[in-house]
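Contents: one structure, followed by commentary.
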Amino acid sequence: MTENSRPEGERIAKLLARAGVASRREVERMIGDGRVAIDGKVLDTPATIIPSLRGVTVDGKPIGKAEPARLFAFHKPQGLITAERDPKGRATIYTALRNALPQGAPRVMPIGRLDLNTEGLLLLTNDGELKRQMELPASGIPRTYRARAFGEVAETALHDLIEGVTIEGVRYGPIDADIERRTGSNLWIVMSITEGKNREVRKVLEYLGLRVNRLIRTAYGPFELGDLARGQVREIRKEELGRFRSTLGKGRRR
């Protein structure tokens, strides 16, 4: 095949991820499960190059044109599950997002998770590839939290977390932690992590003998919660998103 005869376009998994169907890795699994078709023919490889999503279906439903990546900041309240549906019937973030997202907003997916009792900044995107990049521990994107915890802890014990810690066989990487202030029998602690393992902040503070009674994520990378009201959404400006994406590395897409 000559240089000029190479097919034009992009990998279908990349286009579907950009269209907000799922992350690229999840799309590849969907293709392996026979859920993706082009003009009625079931696809058997994610390496397929196509110029657009015209004629592409997922589970028999047509997929619209891939939109440019967009990023939204959502102030998640306590008591909401970070999922589209909950088997137990509990309210999810999408319950609040129905009214909070601006008119004409695309279908969005959460970047990472905040558990039921954690509040604060939750980023949302329509781009599955951006979601994957921002969630990867290898990207090293810091997540900053404010934790209110009951108990006493030496500042040296918090500072030692910068070396990482192993808890019940699980290794947690460097954590930047400092006491912000004391209020009665509670401490407010600011912590910055880069791995985002399941319930990492709570587990580390409990390991130090503290009981967390409030946890707020205040920043994810350069994006901050700021004065965004609880339950509200604001869109990250395209220029700000573009600058951030340029720092994620030039070789992330193939």
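Just remember, in the structure tokens the first chain shown is A, the second B, etc., residues are 1-based per chain, and ligands are 1-based in the order shown.
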Requested in this report: Do a neighbour search on Thr57 (chain A) at 7 Å with only C-alpha atoms, toss out local chain neighbours closer than 4 positions, and write the hits as a list of chain:residue names.
Outcome: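 Everything that qualifies: A:Val36, A:Ala37, A:Ile38, A:Lys61, A:Pro62, A:Ile63.
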Report task. Just list the residues in region 153-213 of chain A DSSP gives alpha helix (DSSP H) on the backbone, as a PyMOL selection string. Result -> chain A and resi 155-159+200-207
Query - Close residues, Ala149 (chain A) itself excluded, 6 Å, only C-alpha atoms, min 6 positions apart in chain, as a PyMOL selection string - result: chain A and resi 186-187+210-213
Save the residues we just selected, C-alpha atoms, as a PDB file, in the first residue's frame?
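New file out_33.pdb:
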```
ATOM      1  CA  ASN A 186     -11.921  18.141  64.973  1.00  0.00           C
ATOM      2  CA  LEU A 187      -9.070  18.805  62.597  1.00  0.00           C
ATOM      3  CA  LEU A 210      -8.587   9.707  62.698  1.00  0.00           C
ATOM      4  CA  ARG A 211     -12.285   9.397  61.948  1.00  0.00           C
ATOM      5  CA  VAL A 212     -13.340  11.367  58.877  1.00  0.00           C
ATOM      6  CA  ASN A 213     -16.729  13.053  59.230  1.00  0.00           C
TER       7      ASN A 213
END
```
Report task. Skip Ile162 (chain A) itself and residues of its chain fewer than 3 positions away, then list as a PyMOL selection string all residues within 7 Å of it, counting only C-alpha atoms. Result -> chain A and resi 159+174-176
Keeping only N, CA and C atoms, write the selected residues to a file as a compact mmCIF listing (two decimals), in the first residue's frame.
```txt
# COMPACT_ATOMS: atom_id res chain seq x y z
N HIS A 159 3.26 14.58 57.56
CA HIS A 159 4.36 14.92 56.64
C HIS A 159 5.06 13.66 56.13
N PRO A 174 3.02 8.88 47.17
CA PRO A 174 3.24 10.11 47.94
C PRO A 174 1.96 10.93 48.13
N ILE A 175 1.74 11.38 49.37
CA ILE A 175 0.58 12.19 49.72
C ILE A 175 1.08 13.44 50.44
N ASP A 176 0.67 14.58 49.97
CA ASP A 176 1.03 15.86 50.60
C ASP A 176 -0.10 16.22 51.55
```
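Using only C-alpha atoms, the smallest distance between any of A:Arg243, A:Arg24, A:Lys14, A:Arg143 and Arg113 (chain A) comes from A:Arg143.
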